[in-house]
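S.K.: This is the content of coords-v4.cif (mmCIF, C-alpha atoms):
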data_model
#
loop_
_atom_site.label_atom_id
_atom_site.label_comp_id
_atom_site.auth_asym_id
_atom_site.auth_seq_id
_atom_site.Cartn_x
_atom_site.Cartn_y
_atom_site.Cartn_z
CA MET A 1298 5.67 21.33 7.61
CA THR A 1299 6.93 18.81 10.15
CA THR A 1300 3.74 18.89 12.24
CA ILE A 1301 0.33 18.61 10.59
CA ALA A 1302 -2.61 19.45 12.85
CA LEU A 1303 -5.70 17.33 12.24
CA PRO A 1304 -9.23 18.25 13.32
CA ASP A 1305 -9.97 17.83 17.04
CA GLY A 1306 -11.73 14.54 17.72
CA PHE A 1307 -10.69 13.14 14.33
CA ARG A 1308 -9.15 9.89 15.67
CA PRO A 1309 -6.76 9.16 12.77
CA GLU A 1310 -5.57 5.62 12.13
CA SER A 1311 -3.89 5.67 8.74
CA MET A 1312 -2.39 7.97 6.14
CA THR A 1313 -1.14 7.97 2.57
CA ILE A 1314 0.71 10.59 0.50
CA GLY A 1315 0.55 11.65 -3.15
CA PRO A 1316 0.37 12.53 -5.91
CA GLY A 1317 1.66 16.02 -5.19
CA PRO A 1318 2.42 17.29 -1.69
CA PHE A 1319 -0.86 16.12 -0.21
CA ALA A 1320 -1.48 13.66 2.61
CA TYR A 1321 -4.78 11.87 3.19
CA PHE A 1322 -5.95 10.70 6.61
CA GLY A 1323 -8.76 8.35 7.59
CA SER A 1324 -10.90 8.87 10.71
CA LEU A 1325 -11.89 6.10 13.09
CA ALA A 1326 -14.60 8.39 14.48
CA ASP A 1327 -16.84 8.68 11.43
CA GLY A 1328 -14.87 7.47 8.40
CA SER A 1329 -14.23 10.94 7.01
CA ILE A 1330 -11.14 11.63 4.90
CA TYR A 1331 -9.02 14.71 5.55
CA ARG A 1332 -6.52 16.07 3.03
CA ALA A 1333 -3.59 18.24 4.17
CA ASP A 1334 -1.03 20.23 2.21
CA LEU A 1335 2.41 19.11 3.39
CA ILE A 1336 3.91 22.51 2.54
CA THR A 1337 1.46 24.80 4.29
CA GLY A 1338 -0.14 22.38 6.76
CA GLU A 1339 -3.59 23.57 5.73
CA GLY A 1340 -6.29 21.02 5.05
CA ARG A 1341 -9.96 20.19 4.75
CA THR A 1342 -12.34 17.26 4.87
CA ILE A 1343 -12.85 15.96 1.32
CA HIS A 1344 -15.18 13.05 2.16
CA PRO A 1345 -17.72 13.02 5.00
CA GLY A 1346 -17.47 9.30 5.62
CA PRO A 1347 -20.19 6.68 6.10
CA GLY A 1348 -20.47 7.10 9.87
CA THR A 1349 -18.27 4.05 10.48
CA ALA A 1350 -14.48 3.90 10.69
CA SER A 1351 -11.94 4.47 7.97
CA ALA A 1352 -8.90 2.41 8.90
CA GLY A 1353 -6.10 1.89 6.36
CA VAL A 1354 -5.99 4.20 3.33
CA LYS A 1355 -3.85 3.94 0.21
CA ILE A 1356 -3.77 6.12 -2.91
CA ASP A 1357 -2.99 4.82 -6.39
CA ARG A 1358 -1.48 6.56 -9.40
CA ARG A 1359 -4.96 7.35 -10.72
CA GLY A 1360 -5.75 9.46 -7.68
CA ARG A 1361 -8.10 6.92 -6.11
CA LEU A 1362 -8.18 6.28 -2.38
CA PHE A 1363 -8.75 2.69 -1.22
CA ILE A 1364 -10.23 2.75 2.28
CA ALA A 1365 -10.48 -0.16 4.71
CA GLY A 1366 -13.66 -0.01 6.78
CA GLY A 1367 -12.45 -1.55 10.03
CA PHE A 1368 -15.13 -3.25 12.14
CA ALA A 1369 -17.78 -2.30 9.55
CA GLY A 1370 -16.33 -5.15 7.48
CA ASP A 1371 -16.28 -3.27 4.20
CA ALA A 1372 -14.12 -1.20 1.86
CA HIS A 1373 -14.62 1.91 -0.24
CA VAL A 1374 -12.86 3.64 -3.10
CA ILE A 1375 -13.17 7.40 -3.52
CA HIS A 1376 -11.77 10.03 -5.87
CA ALA A 1377 -9.02 11.85 -4.00
CA ALA A 1378 -9.65 15.19 -5.69
CA SER A 1379 -13.43 15.37 -5.43
CA GLY A 1380 -14.17 12.93 -2.60
CA ALA A 1381 -16.78 11.20 -4.77
CA THR A 1382 -17.42 7.54 -4.02
CA LEU A 1383 -16.30 5.29 -6.89
CA GLY A 1384 -17.00 1.89 -5.39
CA SER A 1385 -18.28 0.21 -2.21
CA TYR A 1386 -17.56 -3.38 -1.21
CA PRO A 1387 -19.25 -5.35 1.58
CA LEU A 1388 -16.71 -7.78 3.02
CA ALA A 1389 -16.61 -9.15 6.60
CA GLY A 1390 -14.46 -9.23 9.71
CA LEU A 1391 -12.21 -6.28 10.55
CA VAL A 1392 -10.79 -4.84 7.34
CA ASN A 1393 -7.61 -3.11 8.45
CA ASP A 1394 -5.20 -1.96 5.75
CA PHE A 1395 -4.56 -1.96 1.99
CA ALA A 1396 -1.66 -2.72 -0.33
CA LEU A 1397 -1.89 -1.89 -4.02
CA THR A 1398 -0.35 -3.95 -6.83
CA PRO A 1399 -0.69 -3.53 -10.61
CA THR A 1400 -3.46 -6.13 -10.73
CA ALA A 1401 -5.26 -5.91 -7.38
CA ALA A 1402 -5.89 -4.08 -4.14
CA TRP A 1403 -5.28 -6.39 -1.17
CA ALA A 1404 -6.68 -5.81 2.32
CA THR A 1405 -5.80 -7.43 5.63
CA ASP A 1406 -8.43 -8.68 8.05
CA SER A 1407 -7.53 -8.57 11.74
CA VAL A 1408 -10.10 -11.13 12.94
CA LEU A 1409 -10.57 -13.46 9.95
CA PRO A 1410 -7.50 -15.34 8.60
CA VAL A 1411 -7.96 -14.05 5.06
CA LEU A 1412 -6.79 -11.38 2.66
CA TRP A 1413 -9.45 -9.58 0.65
CA LYS A 1414 -8.71 -9.16 -3.06
CA LEU A 1415 -10.20 -6.42 -5.20
CA PRO A 1416 -9.05 -7.34 -8.72
CA LEU A 1417 -8.24 -4.46 -11.05
CA GLY A 1418 -8.87 -4.51 -14.79
CA GLY A 1419 -6.21 -4.15 -17.44
CA ASN A 1420 -6.66 -0.39 -17.40
CA GLY A 1421 -7.11 -0.25 -13.64
CA GLU A 1422 -10.90 -0.59 -13.72
CA LEU A 1423 -12.47 -1.18 -10.32
CA PRO A 1424 -14.24 -4.52 -9.82
CA GLU A 1425 -17.91 -5.09 -9.27
CA PRO A 1426 -18.70 -6.19 -5.69
CA GLU A 1427 -19.31 -9.78 -6.79
CA GLN A 1428 -15.78 -9.96 -8.23
CA VAL A 1429 -14.12 -9.45 -4.84
CA SER A 1430 -12.64 -12.64 -3.40
CA ARG A 1431 -11.05 -13.86 -0.17
CA LEU A 1432 -7.69 -15.59 0.02
CA GLU A 1433 -7.53 -18.01 2.95
CA LEU A 1434 -4.27 -17.73 4.87
CA SER A 1435 -2.37 -20.89 5.78
CA GLY A 1436 1.12 -21.92 6.78
CA ASP A 1437 3.02 -20.27 9.62
CA ILE A 1438 0.48 -17.60 10.59
CA THR A 1439 -1.89 -18.46 13.45
CA TYR A 1440 -4.69 -16.08 14.42
CA LEU A 1441 -5.23 -15.48 18.13
CA PRO A 1442 -8.63 -14.78 19.73
CA GLU A 1443 -7.38 -11.62 21.46
CA GLY A 1444 -5.88 -8.48 19.96
CA PHE A 1445 -5.25 -7.50 16.36
CA ASN A 1446 -3.91 -10.20 14.06
CA ALA A 1447 -2.93 -9.29 10.47
CA ASN A 1448 -2.50 -5.54 10.25
CA GLY A 1449 0.04 -3.78 8.00
CA ILE A 1450 0.57 -4.97 4.43
CA CYS A 1451 2.81 -4.13 1.46
CA GLN A 1452 4.51 -5.82 -1.48
CA THR A 1453 7.81 -7.66 -1.25
CA PRO A 1454 10.84 -5.88 -2.77
CA ASP A 1455 10.63 -8.07 -5.89
CA GLY A 1456 6.88 -7.42 -6.24
CA THR A 1457 5.97 -11.12 -6.47
CA ALA A 1458 4.30 -11.55 -3.08
CA LEU A 1459 2.97 -9.64 -0.08
CA LEU A 1460 4.34 -8.89 3.37
CA VAL A 1461 1.85 -8.95 6.26
CA ASN A 1462 2.60 -8.19 9.89
CA GLN A 1463 0.71 -9.50 12.92
CA SER A 1464 0.33 -7.06 15.80
CA ASN A 1465 -0.45 -9.50 18.61
CA THR A 1466 2.44 -11.89 17.90
CA GLY A 1467 5.07 -9.59 16.43
CA GLY A 1468 5.43 -11.76 13.35
CA LEU A 1469 6.15 -10.72 9.77
CA PHE A 1470 5.00 -13.04 6.98
CA HIS A 1471 5.71 -13.56 3.29
CA VAL A 1472 2.35 -14.39 1.66
CA ASP A 1473 1.97 -16.19 -1.67
CA THR A 1474 -0.97 -14.48 -3.38
CA THR A 1475 -1.84 -17.61 -5.35
CA THR A 1476 -1.99 -20.13 -2.50
CA GLY A 1477 -2.37 -17.94 0.58
CA ARG A 1478 0.54 -19.68 2.24
CA ALA A 1479 2.17 -17.41 4.84
CA THR A 1480 5.82 -18.10 5.64
CA SER A 1481 7.53 -16.43 8.58
CA VAL A 1482 10.13 -13.87 7.54
CA ASP A 1483 13.45 -14.62 9.24
CA LEU A 1484 14.09 -11.57 11.45
CA GLY A 1485 17.12 -13.02 13.20
CA GLY A 1486 15.33 -13.37 16.53
CA GLU A 1487 13.80 -9.88 16.51
CA ASP A 1488 10.05 -9.34 16.80
CA LEU A 1489 7.61 -6.63 15.74
CA MET A 1490 5.19 -6.87 18.65
CA ASP A 1491 2.53 -4.11 18.51
CA CYS A 1492 3.37 -3.40 14.86
CA ASP A 1493 0.90 -1.45 12.75
CA GLY A 1494 1.23 0.24 9.34
CA MET A 1495 4.20 -0.42 7.03
CA VAL A 1496 5.77 1.28 4.03
CA LEU A 1497 8.37 -0.19 1.67
CA ASP A 1498 11.06 1.79 -0.14
CA GLY A 1499 13.24 -0.48 -2.29
CA ASP A 1500 14.58 -3.06 0.13
CA LEU A 1501 13.96 -0.91 3.21
CA LEU A 1502 10.83 -1.53 5.28
CA TYR A 1503 9.55 1.07 7.77
CA VAL A 1504 7.13 -0.18 10.44
CA ALA A 1505 5.03 1.89 12.87
CA MET A 1506 5.30 0.31 16.31
CA GLY A 1507 2.27 1.54 18.25
CA VAL A 1508 2.67 1.59 22.03
CA ARG A 1509 6.42 1.19 21.69
CA ASN A 1510 6.39 4.76 20.33
CA GLU A 1511 8.98 4.02 17.68
CA VAL A 1512 9.54 3.26 14.02
CA VAL A 1513 11.55 0.19 13.08
CA LEU A 1514 13.71 0.17 9.95
CA LEU A 1515 14.49 -3.20 8.39
CA ARG A 1516 16.45 -4.27 5.33
CA LEU A 1517 14.88 -7.14 3.38
CA ASN A 1518 16.34 -9.52 0.86
CA HIS A 1519 14.96 -9.28 -2.69
CA GLU A 1520 12.31 -11.95 -2.13
CA GLY A 1521 11.21 -10.55 1.23
CA THR A 1522 11.91 -13.78 3.09
CA VAL A 1523 14.73 -12.47 5.33
CA GLY A 1524 14.82 -9.18 7.19
CA LYS A 1525 17.36 -7.48 9.44
CA VAL A 1526 16.42 -4.78 11.94
CA LEU A 1527 18.76 -1.86 11.28
CA ARG A 1528 17.37 0.85 13.55
CA ARG A 1529 14.64 1.61 16.08
CA VAL A 1530 13.83 5.32 15.93
CA SER A 1531 11.79 7.38 18.39
CA ASP A 1532 10.86 11.03 18.78
CA PRO A 1533 9.39 13.00 21.70
CA ARG A 1534 6.41 13.90 19.51
CA PHE A 1535 5.40 10.28 18.90
CA ASP A 1536 2.15 9.27 20.62
CA ILE A 1537 1.26 5.72 19.53
CA PRO A 1538 2.38 5.72 15.86
CA SER A 1539 -0.21 3.80 13.84
CA SER A 1540 0.74 4.55 10.24
CA LEU A 1541 3.46 6.21 8.21
CA ALA A 1542 4.30 7.48 4.74
CA LEU A 1543 7.37 8.79 2.92
CA HIS A 1544 7.70 12.12 1.14
CA ASP A 1545 11.04 13.39 -0.14
CA ASP A 1546 13.51 13.13 2.75
CA LEU A 1547 10.86 12.98 5.45
CA LEU A 1548 8.97 10.16 7.12
CA TYR A 1549 5.50 11.22 8.25
CA VAL A 1550 3.97 9.38 11.21
CA ILE A 1551 0.37 9.40 12.42
CA ASN A 1552 -0.11 9.75 16.17
CA GLY A 1553 -3.05 7.45 16.87
CA ARG A 1554 -3.07 8.38 20.59
CA PHE A 1555 -4.88 5.13 21.39
CA THR A 1556 -4.01 5.37 25.11
CA THR A 1557 -5.62 8.84 25.36
CA GLU A 1558 -9.36 9.21 25.93
CA ALA A 1559 -11.00 10.07 22.62
CA THR A 1560 -13.29 13.06 22.99
CA PRO A 1561 -14.54 15.65 20.47
CA GLU A 1562 -11.85 17.98 21.89
CA THR A 1563 -8.91 15.56 21.73
CA SER A 1564 -6.16 16.92 19.47
CA TYR A 1565 -4.35 14.84 16.86
CA THR A 1566 -1.29 15.36 14.69
CA SER A 1567 0.92 13.80 12.08
CA VAL A 1568 4.60 14.54 12.62
CA ALA A 1569 7.56 14.25 10.28
CA ILE A 1570 11.11 13.16 11.08
CA PRO A 1571 14.14 12.96 8.79
CA ARG A 1572 13.85 9.73 6.84
CA PRO A 1573 15.75 7.10 8.86
CA ARG A 1574 18.67 5.71 6.87
CA PRO A 1575 20.65 2.51 7.38
#
Would you give me this structure, written as structure tokens?

M.R.:
Amino acid sequence: MTTIALPDGFRPESMTIGPGPFAYFGSLADGSIYRADLITGEGRTIHPGPGTASAGVKIDRRGRLFIAGGFAGDAHVIHAASGATLGSYPLAGLVNDFALTPTAAWATDSVLPVLWKLPLGGNGELPEPEQVSRLELSGDITYLPEGFNANGICQTPDGTALLVNQSNTGGLFHVDTTTGRATSVDLGGEDLMDCDGMVLDGDLLYVAMGVRNEVVLLRLNHEGTVGKVLRRVSDPRFDIPSSLALHDDLLYVINGRFTTEATPETSYTSVAIPRPRP
């Protein structure tokens, strides 16, 4: 399916795909999680949510969904098959999106200049709440009082650091996970203003561009310190892309519809386009 219908009034913000042909969507309305079959388009709510927002969602190889709690300042982990809650973590700020590494789950905060670290055990065990830590960001990134600061997050191509984008400045940063130092990625004069979710495939970075109604494709060097914008792709079905995910030869995009009044009757979709290539 190239168009996935989500429940009316759902207010999706983020999505993740896998394992299998299933996509998972988080609701800003009540935090519920909706799972859709990418082949048939059919879906159902697998987790009712805590009544507060679910922002960024990421699934790991163990079938666990890591959910950023937005303005609630928390995070949750649920079982993707059953919807059962596996862990809850009180944090602070505006917890926006997750990136998963072999040793930790990292979350951006859009109002506090930190990354939240949920360390994972040697066998992937989830941490206790008291084991969660905050990594103070320093260096080139400067948080502004207005708008969303750090937003999308993923690993660098070499897996040694993180990439974080900043919606209200259009910056992309290479973040050292030991020191928290953020160094501006050289984009050759380009900017990513209004950027949102990101997904990395090898050395190719796909970025959802919000009110620009486009997806930007960049090629990064191995370390993730230099990036070149290769393409800016749009589609008539885009309506404020807020997140994206890859599946086979398709790129799925969430239509956040943030400029449309959110009512219980407002319709929402995720649409797929052929995976943009260099």

S.K.: For the file shown, report as a list in words the outcome of the PyMOL selection byres ((chain A and resi 1456) around 10) at residue level.

M.R.: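 Those residues are Thr1398, Pro1399, Cys1451, Gln1452, Thr1453, Pro1454, Asp1455, Thr1457, Ala1458, Leu1459, His1519, Glu1520 and Gly1521 of chain A.
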
S.K.: Keeping only C-alpha atoms, write those residues as a short mmCIF file (atom, residue, chain, number, x, y, z; two decimals), in the coordinates of the input.

M.R.:
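part.cif was written with the following content:
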data_model
loop_
_atom_site.label_atom_id
_atom_site.label_comp_id
_atom_site.auth_asym_id
_atom_site.auth_seq_id
_atom_site.Cartn_x
_atom_site.Cartn_y
_atom_site.Cartn_z
CA THR A 1398 -0.35 -3.95 -6.83
CA PRO A 1399 -0.69 -3.53 -10.61
CA CYS A 1451 2.81 -4.13 1.46
CA GLN A 1452 4.51 -5.82 -1.48
CA THR A 1453 7.81 -7.66 -1.25
CA PRO A 1454 10.84 -5.88 -2.77
CA ASP A 1455 10.63 -8.07 -5.89
CA THR A 1457 5.97 -11.12 -6.47
CA ALA A 1458 4.30 -11.55 -3.08
CA LEU A 1459 2.97 -9.64 -0.08
CA HIS A 1519 14.96 -9.28 -2.69
CA GLU A 1520 12.31 -11.95 -2.13
CA GLY A 1521 11.21 -10.55 1.23
#

S.K.: From the set A:Gly1499, A:Pro1345, A:Gly1390, A:Gly1507, which residue has the shortest atom-to-atom contact distance to A:Gly1467, counting all atoms listed in the file?

M.R.: A:Gly1507

S.K.: Return as JSON, numbers by chain the set of residues that the PyMOL selection byres ((chain A and resi 1435) around 8) yields on the displayed structure.

M.R.: {"A": [1433, 1434, 1436, 1437, 1438, 1477, 1478, 1479]}

S.K.: The PyMOL selection byres ((chain A and resi 1312) around 8) - which residues does that actually catch in the file I just gave you? List them as a PyMOL selection string.

M.R.: chain A and resi 1310-1311+1313-1314+1320-1323+1353-1355+1540-1542+1551

S.K.: Since we have the selection now, will you write its residues out, keeping C-alpha atoms, as a PDB file, in the frame of the given file?

M.R.:
ATOM      1  CA  GLU A1310      -5.570   5.620  12.130  1.00  0.00           C
ATOM      2  CA  SER A1311      -3.890   5.670   8.740  1.00  0.00           C
ATOM      3  CA  THR A1313      -1.140   7.970   2.570  1.00  0.00           C
ATOM      4  CA  ILE A1314       0.710  10.590   0.500  1.00  0.00           C
ATOM      5  CA  ALA A1320      -1.480  13.660   2.610  1.00  0.00           C
ATOM      6  CA  TYR A1321      -4.780  11.870   3.190  1.00  0.00           C
ATOM      7  CA  PHE A1322      -5.950  10.700   6.610  1.00  0.00           C
ATOM      8  CA  GLY A1323      -8.760   8.350   7.590  1.00  0.00           C
ATOM      9  CA  GLY A1353      -6.100   1.890   6.360  1.00  0.00           C
ATOM     10  CA  VAL A1354      -5.990   4.200   3.330  1.00  0.00           C
ATOM     11  CA  LYS A1355      -3.850   3.940   0.210  1.00  0.00           C
ATOM     12  CA  SER A1540       0.740   4.550  10.240  1.00  0.00           C
ATOM     13  CA  LEU A1541       3.460   6.210   8.210  1.00  0.00           C
ATOM     14  CA  ALA A1542       4.300   7.480   4.740  1.00  0.00           C
ATOM     15  CA  ILE A1551       0.370   9.400  12.420  1.00  0.00           C
TER      16      ILE A1551
END

S.K.: If you take only C-alpha atoms and a cut-off of 12 Å, which residues of stretch 1341-1379 of chain A touch stretch 1411-1420 of chain A, and what are their nearest atom pairs and distances in Å to one decimal, in chain and number order, as a tab-separated table?

M.R.:
residue	atom	partner	partner_atom	distance
A:Asp1357	CA	A:Leu1417	CA	11.6
A:Arg1358	CA	A:Asn1420	CA	11.8
A:Arg1359	CA	A:Asn1420	CA	10.4
A:Phe1363	CA	A:Leu1415	CA	10.0
A:Ile1364	CA	A:Leu1415	CA	11.8
A:Ala1365	CA	A:Trp1413	CA	10.3
A:Gly1370	CA	A:Trp1413	CA	10.7
A:Asp1371	CA	A:Trp1413	CA	10.0
A:Ala1372	CA	A:Leu1415	CA	9.6
A:His1373	CA	A:Leu1415	CA	10.7
A:Val1374	CA	A:Leu1415	CA	10.6

S.K.: My list of candidates is A:Gly1360, A:Tyr1331, A:Thr1474, A:Gly1348. Which is closest to A:Ala1401 when distances are computed with only C-alpha atoms?

M.R.: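 For A:Ala1401, the nearest of the given residues is A:Thr1474.
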
S.K.: With distances taken over all atoms listed in the file, which of A:Gly1317, A:Leu1432, A:Val1408, A:Arg1574 is nearest to A:Asp1498?

M.R.: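 Closest residue, counting all atoms listed in the file: A:Arg1574.
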
S.K.: Determine the nearest neighbour of A:Ser1324 from the options A:Val1568, A:Ile1537, A:Leu1469, A:Ala1559, counting all atoms listed in the file.

M.R.: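 Answer, going by the shortest atom-to-atom distance: A:Ala1559.
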
S.K.: Can you tell me which residues surround A:Leu1441 at a distance of at most 9 Å, considering all atoms listed in the file, apart from same-chain residues fewer than 4 positions away, and format the answer as a list in words?

M.R.: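 Skipping anything fewer than 4 positions along the chain leaves Val1408, Phe1445, Asn1446, Asn1465 and Thr1466 of chain A.
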
S.K.: Please report the interatomic distance between atom CA of A:Glu1487 and atom CA of A:Val1513 in Å with one decimal.

M.R.: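 Computed distance, atom CA of A:Glu1487 to atom CA of A:Val1513, equals 10.9 Å.
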
S.K.: Which one of A:Val1530, A:Ala1396, A:Ile1450, A:Ile1336 sits closest to A:Leu1514 if you count all atoms listed in the file?

M.R.: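 Of the candidates, the smallest distance to A:Leu1514 is held by A:Val1530.
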
S.K.: Once you add 6 Å to each side, what are the centre and edge lengths of the axis-aligned box holding all listed atoms of stretch 1550-1559 of chain A? One decimal in Å, as JSON, if you can.

M.R.:
{"center_x": -3.5, "center_y": 7.6, "center_z": 18.6, "size_x": 27.0, "size_y": 16.9, "size_z": 26.7}

S.K.: Could you give me, as a PyMOL selection string, the residues within 9 Å of stretch 1555-1558 of chain A, counting all atoms listed in the file and dropping anything in the same chain fewer than 2 positions from it?

M.R.: chain A and resi 1308+1507-1508+1536-1537+1539+1552-1553+1560+1563

S.K.: Convert the current residue selection to file output with C-alpha atoms, as a short mmCIF file (atom, residue, chain, number, x, y, z; two decimals), in the coordinates of the input.

M.R.:
data_model
loop_
_atom_site.label_atom_id
_atom_site.label_comp_id
_atom_site.auth_asym_id
_atom_site.auth_seq_id
_atom_site.Cartn_x
_atom_site.Cartn_y
_atom_site.Cartn_z
CA ARG A 1308 -9.15 9.89 15.67
CA GLY A 1507 2.27 1.54 18.25
CA VAL A 1508 2.67 1.59 22.03
CA ASP A 1536 2.15 9.27 20.62
CA ILE A 1537 1.26 5.72 19.53
CA SER A 1539 -0.21 3.80 13.84
CA ASN A 1552 -0.11 9.75 16.17
CA GLY A 1553 -3.05 7.45 16.87
CA THR A 1560 -13.29 13.06 22.99
CA THR A 1563 -8.91 15.56 21.73
#

S.K.: I want to know what sits within 8 Å of A:Gly1449, based on all atoms listed in the file, with residues of the same chain fewer than 2 positions away left out; could you give that as number ranges by chain?

M.R.: A: 1393-1395, 1405, 1447, 1451, 1461-1463, 1492-1495

S.K.: For A:Ser1531, which of A:Pro1318, A:Pro1442, A:Pro1561, A:Pro1573 is the closest residue, counting all atoms listed in the file?

M.R.: A:Pro1573

S.K.: By how many Å are atom CA of A:Arg1509 and atom CA of A:Met1490 apart?

M.R.: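 Straight-line distance from atom CA of A:Arg1509 to atom CA of A:Met1490 works out to 8.7 Å.
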
S.K.: For A:Met1298, list every protein, DNA or RNA residue within 7 Å, evaluated using only C-alpha atoms, and leave out those in the same chain fewer than 6 positions away; present the list as JSON, numbers by chain.

M.R.: {"A": [1335, 1336, 1337, 1338]}

S.K.: Name all residues at most 12 Å from A:Gly1486 (count all atoms listed in the file; drop same-chain ones fewer than 6 positions away) and give them as a list in words.

M.R.: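 Skipping anything fewer than 6 positions along the chain leaves Gly1467, Gly1468, Leu1469, Val1523, Gly1524, Lys1525 and Val1526 of chain A.
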
S.K.: When you draw a straight line from atom CA of A:Met1506 to atom CA of A:Asp1483, how long is it in Å?

M.R.: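 Those two atoms sit 18.4 Å apart.
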
S.K.: Tell me which residues come within 9 Å of (-12.3, 12.6, -4.1), as a list in words, counting only C-alpha atoms in the file's coordinates.

M.R.: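 Those residues, ordered by chain and then number, are Ile1343, His1344, Gly1360, Arg1361, Leu1362, Ile1375, His1376, Ala1377, Ala1378, Ser1379, Gly1380, Ala1381, Thr1382 and Leu1383 of chain A.
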
S.K.: Only C-alpha atoms, please: the residues just picked out, written as a PDB file, in the coordinates of the input.

M.R.:
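part39.pdb, written as the output of this step:
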ATOM      1  CA  ILE A1343     -12.850  15.960   1.320  1.00  0.00           C
ATOM      2  CA  HIS A1344     -15.180  13.050   2.160  1.00  0.00           C
ATOM      3  CA  GLY A1360      -5.750   9.460  -7.680  1.00  0.00           C
ATOM      4  CA  ARG A1361      -8.100   6.920  -6.110  1.00  0.00           C
ATOM      5  CA  LEU A1362      -8.180   6.280  -2.380  1.00  0.00           C
ATOM      6  CA  ILE A1375     -13.170   7.400  -3.520  1.00  0.00           C
ATOM      7  CA  HIS A1376     -11.770  10.030  -5.870  1.00  0.00           C
ATOM      8  CA  ALA A1377      -9.020  11.850  -4.000  1.00  0.00           C
ATOM      9  CA  ALA A1378      -9.650  15.190  -5.690  1.00  0.00           C
ATOM     10  CA  SER A1379     -13.430  15.370  -5.430  1.00  0.00           C
ATOM     11  CA  GLY A1380     -14.170  12.930  -2.600  1.00  0.00           C
ATOM     12  CA  ALA A1381     -16.780  11.200  -4.770  1.00  0.00           C
ATOM     13  CA  THR A1382     -17.420   7.540  -4.020  1.00  0.00           C
ATOM     14  CA  LEU A1383     -16.300   5.290  -6.890  1.00  0.00           C
TER      15      LEU A1383
END

S.K.: Once N, CA, C and O atoms are restored for stretch 1533-1544 of chain A, what would the output be as a JSON list (two decimals), in the coordinates of the input?

M.R.:
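part-v2.json, freshly written:
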[["chain", "number", "residue", "atom", "x", "y", "z"],
["A", 1533, "PRO", "N", 10.26, 12.56, 20.59],
["A", 1533, "PRO", "CA", 9.39, 13.00, 21.70],
["A", 1533, "PRO", "C", 7.97, 13.32, 21.28],
["A", 1533, "PRO", "O", 7.06, 13.31, 22.12],
["A", 1534, "ARG", "N", 7.76, 13.57, 19.99],
["A", 1534, "ARG", "CA", 6.41, 13.90, 19.51],
["A", 1534, "ARG", "C", 5.58, 12.67, 19.19],
["A", 1534, "ARG", "O", 4.38, 12.79, 18.92],
["A", 1535, "PHE", "N", 6.16, 11.49, 19.19],
["A", 1535, "PHE", "CA", 5.40, 10.28, 18.90],
["A", 1535, "PHE", "C", 4.41, 10.01, 20.03],
["A", 1535, "PHE", "O", 4.73, 10.11, 21.21],
["A", 1536, "ASP", "N", 3.18, 9.63, 19.65],
["A", 1536, "ASP", "CA", 2.15, 9.27, 20.62],
["A", 1536, "ASP", "C", 1.31, 8.15, 20.01],
["A", 1536, "ASP", "O", 0.25, 8.36, 19.47],
["A", 1537, "ILE", "N", 1.84, 6.95, 20.09],
["A", 1537, "ILE", "CA", 1.26, 5.72, 19.53],
["A", 1537, "ILE", "C", 1.21, 5.80, 18.01],
["A", 1537, "ILE", "O", 0.13, 5.95, 17.40],
["A", 1538, "PRO", "N", 2.36, 5.70, 17.33],
["A", 1538, "PRO", "CA", 2.38, 5.72, 15.86],
["A", 1538, "PRO", "C", 1.58, 4.55, 15.29],
["A", 1538, "PRO", "O", 1.82, 3.39, 15.65],
["A", 1539, "SER", "N", 0.62, 4.86, 14.41],
["A", 1539, "SER", "CA", -0.21, 3.80, 13.84],
["A", 1539, "SER", "C", -0.02, 3.63, 12.35],
["A", 1539, "SER", "O", -0.40, 2.59, 11.79],
["A", 1540, "SER", "N", 0.55, 4.63, 11.69],
["A", 1540, "SER", "CA", 0.74, 4.55, 10.24],
["A", 1540, "SER", "C", 1.84, 5.52, 9.86],
["A", 1540, "SER", "O", 2.18, 6.44, 10.63],
["A", 1541, "LEU", "N", 2.39, 5.33, 8.65],
["A", 1541, "LEU", "CA", 3.46, 6.21, 8.21],
["A", 1541, "LEU", "C", 3.49, 6.27, 6.69],
["A", 1541, "LEU", "O", 2.91, 5.45, 6.00],
["A", 1542, "ALA", "N", 4.17, 7.29, 6.18],
["A", 1542, "ALA", "CA", 4.30, 7.48, 4.74],
["A", 1542, "ALA", "C", 5.54, 8.32, 4.47],
["A", 1542, "ALA", "O", 5.94, 9.15, 5.29],
["A", 1543, "LEU", "N", 6.15, 8.09, 3.31],
["A", 1543, "LEU", "CA", 7.37, 8.79, 2.92],
["A", 1543, "LEU", "C", 7.06, 9.90, 1.94],
["A", 1543, "LEU", "O", 6.21, 9.76, 1.06],
["A", 1544, "HIS", "N", 7.79, 11.01, 2.10],
["A", 1544, "HIS", "CA", 7.70, 12.12, 1.14],
["A", 1544, "HIS", "C", 9.03, 12.84, 1.13],
["A", 1544, "HIS", "O", 9.46, 13.40, 2.16]]
